[in-house]
>>> print(open('input-v8.tsv').read())   # TSV, C-alpha atoms
chain	number	residue	atom	x	y	z
A	1	MET	CA	140.28	89.75	90.50
A	2	ASN	CA	140.53	92.88	92.67
A	3	LYS	CA	142.54	92.58	95.86
A	4	ARG	CA	140.56	93.07	99.05
A	5	ILE	CA	141.52	96.29	100.83
A	6	THR	CA	142.81	95.67	104.35
A	7	LEU	CA	143.56	97.79	107.42
A	8	LYS	CA	147.24	97.57	106.48
A	9	ASP	CA	146.52	99.22	103.11
A	10	ILE	CA	144.76	102.12	104.83
A	11	ALA	CA	147.57	102.42	107.40
A	12	ARG	CA	150.17	102.55	104.64
A	13	GLU	CA	148.17	105.17	102.72
A	14	THR	CA	147.61	107.41	105.76
A	15	GLY	CA	150.95	106.89	107.50
A	16	VAL	CA	149.49	105.69	110.80
A	17	HIS	CA	149.67	102.41	112.70
A	18	VAL	CA	147.24	99.58	111.88
A	19	SER	CA	145.82	99.69	115.42
A	20	THR	CA	145.00	103.38	114.92
A	21	VAL	CA	143.11	102.53	111.74
A	22	SER	CA	141.23	99.77	113.58
A	23	ARG	CA	140.17	102.15	116.35
A	24	ALA	CA	139.07	104.81	113.88
A	25	LEU	CA	136.88	102.42	111.90
A	26	ASP	CA	135.23	100.67	114.85
A	27	PRO	CA	131.73	102.23	115.23
A	28	LYS	CA	131.34	100.83	118.76
A	29	ARG	CA	134.58	102.16	120.19
A	30	ASP	CA	135.17	105.55	121.76
A	31	THR	CA	138.56	106.74	120.63
A	32	PRO	CA	140.92	109.51	121.78
A	33	LEU	CA	142.03	110.14	118.20
A	34	SER	CA	141.81	113.71	116.93
A	35	ASP	CA	139.06	114.70	114.50
A	36	ASP	CA	141.66	115.32	111.78
A	37	VAL	CA	143.09	111.80	112.09
A	38	LEU	CA	139.63	110.22	112.20
A	39	LEU	CA	138.51	112.12	109.12
A	40	ARG	CA	141.68	111.30	107.18
A	41	ILE	CA	141.44	107.57	107.96
A	42	ARG	CA	137.74	107.31	107.17
A	43	GLU	CA	138.02	109.28	103.93
A	44	THR	CA	140.92	107.08	102.85
A	45	ALA	CA	138.97	103.93	103.70
A	46	GLN	CA	136.06	105.17	101.60
A	47	LYS	CA	138.32	106.17	98.70
A	48	LEU	CA	140.03	102.77	98.66
A	49	GLY	CA	136.68	100.94	98.90
A	50	TYR	CA	137.42	99.28	102.24
A	51	ARG	CA	134.83	96.77	103.52
A	52	PRO	CA	135.23	95.16	106.94
A	53	ASN	CA	135.89	91.42	106.86
A	54	ARG	CA	132.94	90.32	109.01
A	55	VAL	CA	133.93	86.66	108.91
A	56	ALA	CA	137.39	87.35	110.30
A	57	SER	CA	135.94	89.81	112.79
A	58	SER	CA	133.34	87.33	114.03
A	59	LEU	CA	136.01	84.67	114.53
A	60	ARG	CA	138.07	87.14	116.54
A	61	THR	CA	135.26	88.70	118.60
A	62	GLN	CA	132.75	85.81	118.64
A	63	ARG	CA	130.18	88.21	117.21
A	64	THR	CA	128.53	88.32	113.80
A	65	MET	CA	127.24	91.92	114.12
A	66	THR	CA	123.74	90.72	113.21
A	67	ILE	CA	120.52	90.63	115.22
A	68	GLY	CA	117.35	88.71	114.53
A	69	VAL	CA	114.07	90.65	114.30
A	70	MET	CA	111.01	88.41	114.57
A	71	ILE	CA	107.64	89.77	113.46
A	72	PRO	CA	104.28	87.95	113.51
A	73	ASP	CA	102.78	89.25	110.25
A	74	ILE	CA	104.81	90.85	107.49
A	75	THR	CA	101.60	92.17	105.88
A	76	ASN	CA	100.66	94.21	108.98
A	77	MET	CA	101.52	97.85	108.31
A	78	ILE	CA	102.51	98.67	111.88
A	79	PHE	CA	105.71	96.64	111.58
A	80	PRO	CA	107.69	98.58	108.92
A	81	PRO	CA	107.94	101.67	111.20
A	82	ILE	CA	108.93	99.41	114.09
A	83	VAL	CA	111.68	97.78	112.01
A	84	ARG	CA	112.88	101.21	110.89
A	85	GLY	CA	113.09	102.24	114.54
A	86	ILE	CA	115.21	99.19	115.32
A	87	GLU	CA	117.52	99.87	112.38
A	88	SER	CA	117.91	103.55	113.35
A	89	VAL	CA	119.70	102.40	116.49
A	90	MET	CA	121.46	99.21	115.41
A	91	GLU	CA	122.85	100.26	112.01
A	92	PRO	CA	125.03	103.10	113.39
A	93	LEU	CA	126.51	100.53	115.77
A	94	GLY	CA	127.46	98.33	112.82
A	95	TYR	CA	124.68	95.75	113.19
A	96	ALA	CA	122.57	94.33	110.37
A	97	SER	CA	119.04	93.00	110.98
A	98	MET	CA	117.81	89.60	109.85
A	99	ILE	CA	114.01	89.87	109.63
A	100	VAL	CA	111.87	86.74	109.85
A	101	ASN	CA	108.08	86.33	109.78
A	102	THR	CA	106.37	83.81	112.10
A	103	ASP	CA	102.73	84.08	110.93
A	104	SER	CA	101.94	83.71	114.68
A	105	GLN	CA	102.43	79.94	114.32
A	106	ARG	CA	104.13	78.27	117.27
A	107	GLY	CA	105.91	75.62	115.21
A	108	ARG	CA	107.17	78.14	112.67
A	109	GLU	CA	108.34	80.46	115.43
A	110	GLN	CA	110.31	77.67	117.10
A	111	ARG	CA	112.03	76.80	113.82
A	112	LEU	CA	112.91	80.42	113.14
A	113	VAL	CA	114.44	80.92	116.58
A	114	GLU	CA	116.61	77.88	115.94
A	115	ILE	CA	117.55	79.13	112.46
A	116	LEU	CA	118.57	82.53	113.82
A	117	GLN	CA	120.69	80.82	116.47
A	118	ASP	CA	122.29	78.64	113.80
A	119	ARG	CA	123.12	81.81	111.82
A	120	GLY	CA	124.92	83.09	114.90
A	121	VAL	CA	122.90	86.25	115.55
A	122	ASP	CA	124.17	88.25	118.51
A	123	GLY	CA	120.65	88.82	119.85
A	124	ILE	CA	116.93	88.67	119.00
A	125	ILE	CA	114.31	91.41	119.17
A	126	HIS	CA	111.07	89.45	119.23
A	127	THR	CA	107.76	91.15	118.35
A	128	ALA	CA	105.88	87.90	117.76
A	129	VAL	CA	106.30	86.19	121.10
A	130	LEU	CA	103.54	84.08	122.67
A	131	LEU	CA	102.53	84.38	126.34
A	132	GLU	CA	104.35	81.09	126.93
A	133	ASP	CA	107.29	80.59	124.59
A	134	PRO	CA	109.71	77.86	125.73
A	135	THR	CA	111.96	78.06	122.65
A	136	ILE	CA	112.94	81.71	123.07
A	137	VAL	CA	113.11	81.27	126.87
A	138	ARG	CA	115.62	78.44	126.42
A	139	ALA	CA	117.64	80.62	124.03
A	140	ALA	CA	117.67	83.48	126.57
A	141	GLU	CA	118.59	81.14	129.41
A	142	GLY	CA	121.44	79.88	127.23
A	143	GLY	CA	122.91	83.38	127.12
A	144	LEU	CA	121.42	84.82	123.91
A	145	PRO	CA	120.33	88.46	124.48
A	146	VAL	CA	116.56	88.74	123.92
A	147	VAL	CA	114.20	91.72	124.09
A	148	THR	CA	110.50	91.37	123.34
A	149	LEU	CA	108.49	94.19	121.79
A	150	ASN	CA	104.71	94.80	121.84
A	151	ARG	CA	104.33	91.54	123.76
A	152	LYS	CA	105.83	89.88	126.80
A	153	ILE	CA	106.49	86.38	128.08
A	154	GLU	CA	104.91	85.66	131.46
A	155	GLY	CA	107.08	84.50	134.34
A	156	THR	CA	110.49	85.42	132.91
A	157	ARG	CA	113.11	88.12	133.36
A	158	ILE	CA	113.32	88.83	129.62
A	159	PRO	CA	113.11	92.63	129.09
A	160	TYR	CA	109.98	93.74	127.23
A	161	VAL	CA	108.65	96.94	125.70
A	162	ILE	CA	104.86	97.22	125.49
A	163	ASN	CA	102.22	99.89	125.04
A	164	ASP	CA	99.95	101.10	127.81
A	165	GLU	CA	97.19	98.66	126.90
A	166	THR	CA	95.07	99.51	129.94
A	167	ALA	CA	95.08	103.25	129.28
A	168	GLY	CA	94.34	102.75	125.58
A	169	ILE	CA	91.35	100.44	126.06
A	170	ASP	CA	90.02	102.61	128.88
A	171	ALA	CA	90.19	105.71	126.66
A	172	ALA	CA	88.29	103.97	123.85
A	173	PHE	CA	85.71	102.57	126.28
A	174	SER	CA	85.31	105.97	127.92
A	175	LEU	CA	84.60	107.60	124.57
A	176	LEU	CA	81.90	105.05	123.73
A	177	HIS	CA	80.39	105.27	127.21
A	178	THR	CA	80.36	109.08	127.13
A	179	LYS	CA	78.59	108.99	123.76
A	180	GLY	CA	75.81	107.00	125.44
A	181	HIS	CA	76.66	103.41	124.47
A	182	ARG	CA	75.81	100.73	127.00
A	183	ARG	CA	75.65	97.62	124.79
A	184	ILE	CA	79.38	97.64	124.04
A	185	ALA	CA	80.86	94.42	122.69
A	186	HIS	CA	84.55	93.53	122.70
A	187	LEU	CA	86.19	91.82	119.75
A	188	ALA	CA	89.16	90.46	121.68
A	189	GLY	CA	92.54	89.37	120.36
A	190	PRO	CA	93.94	85.84	120.74
A	191	ARG	CA	94.48	85.00	124.41
A	192	ASN	CA	97.76	83.23	123.72
A	193	LEU	CA	99.22	86.67	122.91
A	194	SER	CA	99.86	89.17	125.69
A	195	THR	CA	98.27	91.96	123.65
A	196	GLY	CA	95.03	90.00	123.35
A	197	GLN	CA	94.95	89.08	127.04
A	198	LEU	CA	95.97	92.50	128.36
A	199	ARG	CA	93.41	94.32	126.22
A	200	LEU	CA	90.68	91.88	127.24
A	201	ASP	CA	91.53	92.42	130.92
A	202	ALA	CA	91.52	96.18	130.34
A	203	PHE	CA	88.06	95.99	128.70
A	204	ARG	CA	86.65	94.14	131.69
A	205	THR	CA	88.21	96.64	134.09
A	206	ALA	CA	86.87	99.60	132.10
A	207	ALA	CA	83.35	98.15	132.14
A	208	THR	CA	83.24	97.25	135.83
A	209	SER	CA	84.74	100.60	136.87
A	210	ARG	CA	81.74	102.26	135.24
A	211	GLY	CA	79.26	100.05	137.08
A	212	MET	CA	78.43	97.86	134.08
A	213	ASP	CA	77.53	94.18	134.40
A	214	LEU	CA	80.10	92.08	132.54
A	215	ASP	CA	77.53	89.33	131.98
A	216	SER	CA	75.50	91.76	129.89
A	217	LEU	CA	78.41	92.54	127.57
A	218	THR	CA	79.31	90.37	124.58
A	219	ILE	CA	82.94	89.28	124.22
A	220	VAL	CA	84.13	87.24	121.24
A	221	GLU	CA	87.77	86.18	120.86
A	222	ALA	CA	89.55	86.28	117.51
A	223	GLU	CA	91.91	83.51	116.52
A	224	GLN	CA	94.11	85.88	114.51
A	225	PHE	CA	94.64	89.65	114.47
A	226	ASP	CA	93.33	90.03	110.91
A	227	GLU	CA	90.36	91.21	108.85
A	228	ALA	CA	88.98	87.74	108.15
A	229	ASP	CA	88.66	87.00	111.85
A	230	GLY	CA	87.22	90.46	112.36
A	231	ARG	CA	84.40	89.59	109.97
A	232	ARG	CA	83.81	86.19	111.56
A	233	ALA	CA	83.82	87.49	115.12
A	234	THR	CA	81.54	90.42	114.27
A	235	ALA	CA	78.96	88.04	112.84
A	236	GLU	CA	79.13	86.11	116.12
A	237	ILE	CA	78.73	89.29	118.17
A	238	LEU	CA	75.60	90.29	116.24
A	239	ARG	CA	74.22	86.77	116.53
A	240	ARG	CA	74.63	86.81	120.30
A	241	ASP	CA	73.33	90.36	120.79
A	242	PRO	CA	71.57	91.98	117.84
A	243	ARG	CA	71.09	95.11	119.95
A	244	THR	CA	74.84	95.83	120.10
A	245	THR	CA	75.50	99.53	119.46
A	246	ALA	CA	79.32	99.60	119.65
A	247	ILE	CA	82.20	97.17	119.08
A	248	LEU	CA	85.56	97.87	120.71
A	249	CYS	CA	88.14	95.94	118.70
A	250	ALA	CA	91.52	94.78	120.01
A	251	ASN	CA	93.34	96.04	116.91
A	252	ASP	CA	92.80	97.95	113.67
A	253	ARG	CA	92.72	94.96	111.33
A	254	LEU	CA	89.94	93.38	113.38
A	255	ALA	CA	88.11	96.73	113.25
A	256	LEU	CA	88.43	96.90	109.46
A	257	GLY	CA	86.95	93.39	109.24
A	258	THR	CA	84.15	94.50	111.56
A	259	ILE	CA	83.24	97.49	109.39
A	260	ASP	CA	83.34	95.31	106.28
A	261	HIS	CA	80.96	92.78	107.82
A	262	LEU	CA	78.59	95.50	108.99
A	263	ARG	CA	78.49	96.82	105.44
A	264	SER	CA	77.72	93.38	104.01
A	265	ALA	CA	74.96	92.93	106.62
A	266	GLY	CA	73.29	96.17	105.55
A	267	LEU	CA	74.45	98.12	108.59
A	268	SER	CA	76.44	101.34	108.62
A	269	CYS	CA	79.24	102.61	110.84
A	270	PRO	CA	78.80	104.70	112.91
A	271	GLU	CA	75.08	105.30	112.30
A	272	ASP	CA	74.06	101.76	113.35
A	273	ILE	CA	77.15	100.55	115.19
A	274	SER	CA	80.22	102.47	116.35
A	275	VAL	CA	83.64	100.81	116.00
A	276	THR	CA	87.05	101.49	117.55
A	277	GLY	CA	90.47	99.97	116.87
A	278	PHE	CA	93.93	99.84	118.41
A	279	ASN	CA	97.40	100.66	116.96
A	280	ASP	CA	96.62	103.41	114.40
A	281	MET	CA	97.99	101.70	111.29
A	282	PRO	CA	99.08	103.93	108.41
A	283	PHE	CA	96.36	105.22	106.02
A	284	LEU	CA	93.43	104.73	108.41
A	285	ASP	CA	92.67	108.42	108.10
A	286	MET	CA	92.10	107.89	104.36
A	287	ILE	CA	89.63	104.97	104.50
A	288	PRO	CA	85.97	105.89	105.16
A	289	PRO	CA	84.68	105.81	107.77
A	290	ARG	CA	87.96	107.02	109.18
A	291	LEU	CA	88.64	104.75	112.13
A	292	THR	CA	88.74	105.99	115.71
A	293	THR	CA	91.64	104.14	117.28
A	294	VAL	CA	94.39	104.12	119.90
A	295	ARG	CA	97.73	105.29	118.55
A	296	ILE	CA	100.78	103.38	119.73
A	297	GLN	CA	104.37	104.47	119.28
A	298	GLN	CA	105.73	102.46	116.37
A	299	PHE	CA	109.10	103.87	115.24
A	300	GLU	CA	109.98	104.89	118.81
A	301	ALA	CA	108.96	101.47	120.17
A	302	GLY	CA	111.43	99.83	117.80
A	303	ALA	CA	114.12	102.33	118.78
A	304	VAL	CA	113.54	101.75	122.52
A	305	ALA	CA	113.77	97.97	122.12
A	306	ALA	CA	116.94	98.39	120.05
A	307	ARG	CA	118.50	100.65	122.67
A	308	HIS	CA	117.81	97.95	125.27
A	309	MET	CA	119.42	95.36	122.99
A	310	ALA	CA	122.43	97.58	122.33
A	311	ALA	CA	122.93	98.10	126.06
A	312	ILE	CA	122.91	94.33	126.64
A	313	LEU	CA	125.35	93.71	123.80
A	314	LEU	CA	127.68	96.40	125.12
A	315	GLY	CA	127.70	94.79	128.56
A	316	ASN	CA	125.27	97.18	130.24
A	317	GLY	CA	122.39	94.72	130.62
A	318	ASP	CA	121.99	95.49	134.32
A	319	ASP	CA	120.81	98.98	133.35
A	320	VAL	CA	117.98	97.64	131.15
A	321	PRO	CA	114.57	97.58	132.89
A	322	ILE	CA	112.53	94.39	132.69
A	323	GLU	CA	109.36	96.37	131.88
A	324	THR	CA	109.05	99.44	129.65
A	325	ILE	CA	105.53	100.78	129.07
A	326	LEU	CA	105.09	103.37	126.33
A	327	PRO	CA	102.25	105.95	126.41
A	328	VAL	CA	99.37	105.78	123.92
A	329	GLN	CA	96.90	108.33	122.53
A	330	LEU	CA	93.24	108.06	121.53
A	331	ILE	CA	92.69	109.35	117.99
A	332	GLU	CA	89.06	110.34	117.39
A	333	ARG	CA	87.83	110.14	113.82
A	334	ASP	CA	84.53	109.23	112.15
A	335	SER	CA	83.70	105.68	113.25
A	336	VAL	CA	82.09	106.62	116.60
A	337	ALA	CA	78.76	108.41	117.12
A	338	ALA	CA	75.97	108.43	119.69
A	339	PRO	CA	73.77	105.31	119.50
A	340	ARG	CA	70.73	105.62	117.25
A	341	LYS	CA	67.46	106.16	119.11
A	342	ALA	CA	65.43	102.97	119.52
>>> encode(input="input-v8.tsv", output="structure tokens")
Amino acid sequence: MNKRITLKDIARETGVHVSTVSRALDPKRDTPLSDDVLLRIRETAQKLGYRPNRVASSLRTQRTMTIGVMIPDITNMIFPPIVRGIESVMEPLGYASMIVNTDSQRGREQRLVEILQDRGVDGIIHTAVLLEDPTIVRAAEGGLPVVTLNRKIEGTRIPYVINDETAGIDAAFSLLHTKGHRRIAHLAGPRNLSTGQLRLDAFRTAATSRGMDLDSLTIVEAEQFDEADGRRATAEILRRDPRTTAILCANDRLALGTIDHLRSAGLSCPEDISVTGFNDMPFLDMIPPRLTTVRIQQFEAGAVAARHMAAILLGNGDDVPIETILPVQLIERDSVAAPRKA
């Protein structure tokens, strides 16, 4: 059995003190060591096959060098870039990510928060949080660093990173309105999620600011942000108002379900009904009709949340803002046209 390489082995090989080796190999520590010494120690560590003893380190520092990353739907293509953004910041600091999937189920989410705590994670970046989430709030109040991403928890001081939901919905509504649509329906997201509630509020604001009567507009709430609920909710929209000429969807997966239902009902997009989404998932520009949508920052959103988490872990939590709102961009493609003449 091969002997585990230790800091003492590297110190003996390089002729420096063990504490010098420790400083040189600590990714979180600024060190006054010269570049030559740093390079010599790190090359020797690599040559000898040195691997840090995380168990011993965690006992000494009370840290496991892991963070939990909670996502609501592992099949949603917006989350891989977000996770990559998180890793781009945390990995160079020596942290590994433990990724868990909640399926947007409250009970499952509660269990996973507890599991991550039991595993001793140093913090949690939570992209699946509900508007009211007592489990993660209790964890944060108990001292566990928490940052939420894409969503926020109402009534807390937990830092959150979200997109400019109001500007995104207003831009999509403005496009439809400018094209001549007046019977604009909203396929809203679940109201127990901040994204669903914020985008619904933004839709109402966009309509009233243009002098439209909210009572004349059809709004149907999805239970999940997925294609199946997009199909179901679209059928309900058309049942309530067969004269609908445009459907503004709260995310891209709902929009894809909408287009699929229109097709099965013998309607075409955008000739019969225009459709918009939100998020700009990968590959939307390759699926006809190419979806007009609101592009959010995905990789950068993950990186921003991770920088907030890193600041908290390094003792600079007072510098982290409670609210960070990232800009969005309307991407015009093929799914929007002027309403067909009556």
>>> closest_atom_pairs(input="input-v8.tsv", of="region 112-203 of chain A", to="region 72-94 of chain A", cutoff="12 Å", atoms="only C-alpha atoms", output="Markdown table")
| residue | atom | partner | partner_atom | distance |
| --- | --- | --- | --- | --- |
| A:Leu112 | CA | A:Pro72 | CA | 11.5 |
| A:Asp122 | CA | A:Met90 | CA | 11.7 |
| A:Gly123 | CA | A:Met90 | CA | 11.3 |
| A:Ile124 | CA | A:Ile86 | CA | 11.3 |
| A:Ile125 | CA | A:Ile86 | CA | 8.7 |
| A:His126 | CA | A:Pro72 | CA | 9.0 |
| A:Thr127 | CA | A:Pro72 | CA | 6.8 |
| A:Ala128 | CA | A:Pro72 | CA | 4.5 |
| A:Val129 | CA | A:Pro72 | CA | 8.0 |
| A:Leu130 | CA | A:Pro72 | CA | 10.0 |
| A:Val147 | CA | A:Ile86 | CA | 11.6 |
| A:Leu149 | CA | A:Ile82 | CA | 9.3 |
| A:Asn150 | CA | A:Ile82 | CA | 10.0 |
| A:Arg151 | CA | A:Pro72 | CA | 10.9 |
| A:Val161 | CA | A:Ile82 | CA | 11.9 |
| A:Leu193 | CA | A:Pro72 | CA | 10.8 |
>>> residues_around(input="input-v8.tsv", residues="Val294 (chain A)", least_positions_apart="4", cutoff="7 Å", atoms="only C-alpha atoms", output="PyMOL selection string")
chain A and resi 168+277-280+328-331
>>> atom_distance(input="input-v8.tsv", atom1="CA of Leu314 (chain A)", atom2="CA of Gly68 (chain A)")
16.7 Å
>>> residues_around(input="input-v8.tsv", residues="Asn163 (chain A)", least_positions_apart="6", cutoff="9 Å", atoms="all atoms listed in the file", output="PyMOL selection string")
chain A and resi 150-151+195+296-297+301+324-328
>>> write_last_selection(input="input-v8.tsv", atoms="C-alpha atoms", output="short mmCIF file (atom, residue, chain, number, x, y, z; two decimals), in the coordinates of the input")
data_model
loop_
_atom_site.label_atom_id
_atom_site.label_comp_id
_atom_site.auth_asym_id
_atom_site.auth_seq_id
_atom_site.Cartn_x
_atom_site.Cartn_y
_atom_site.Cartn_z
CA ASN A 150 104.71 94.80 121.84
CA ARG A 151 104.33 91.54 123.76
CA THR A 195 98.27 91.96 123.65
CA ILE A 296 100.78 103.38 119.73
CA GLN A 297 104.37 104.47 119.28
CA ALA A 301 108.96 101.47 120.17
CA THR A 324 109.05 99.44 129.65
CA ILE A 325 105.53 100.78 129.07
CA LEU A 326 105.09 103.37 126.33
CA PRO A 327 102.25 105.95 126.41
CA VAL A 328 99.37 105.78 123.92
#
>>> axis_aligned_box(input="input-v8.tsv", around="region 280-291 of chain A", padding_each_side="5 Å", output="JSON")
{"center_x": 91.9, "center_y": 105.1, "center_z": 109.4, "size_x": 24.4, "size_y": 16.7, "size_z": 20.0}
>>> residues_around(input="input-v8.tsv", residues="region 8-20 of chain A", least_positions_apart="5", cutoff="8 Å", atoms="all atoms listed in the file", output="PyMOL selection string")
chain A and resi 40-41+44-45+48
>>> write_last_selection(input="input-v8.tsv", atoms="C-alpha atoms", output="PDB file, in the frame of the given file")
ATOM      1  CA  ARG A  40     141.680 111.300 107.180  1.00  0.00           C
ATOM      2  CA  ILE A  41     141.440 107.570 107.960  1.00  0.00           C
ATOM      3  CA  THR A  44     140.920 107.080 102.850  1.00  0.00           C
ATOM      4  CA  ALA A  45     138.970 103.930 103.700  1.00  0.00           C
ATOM      5  CA  LEU A  48     140.030 102.770  98.660  1.00  0.00           C
TER       6      LEU A  48
END
>>> atom_distance(input="input-v8.tsv", atom1="CA of Ser268 (chain A)", atom2="CA of Phe203 (chain A)")
23.8 Å
>>> atom_distance(input="input-v8.tsv", atom1="CA of Thr135 (chain A)", atom2="CA of Glu109 (chain A)")
8.4 Å
>>> closest_residue(input="input-v8.tsv", among="A:Ala310, A:Ala96, A:Ile162, A:Ala303", to="Ser194 (chain A)", atoms="only C-alpha atoms")
A:Ile162
>>> closest_residue(input="input-v8.tsv", among="A:Gln298, A:Thr276, A:Thr293, A:Asn251", to="Gly189 (chain A)", atoms="all atoms listed in the file")
A:Asn251
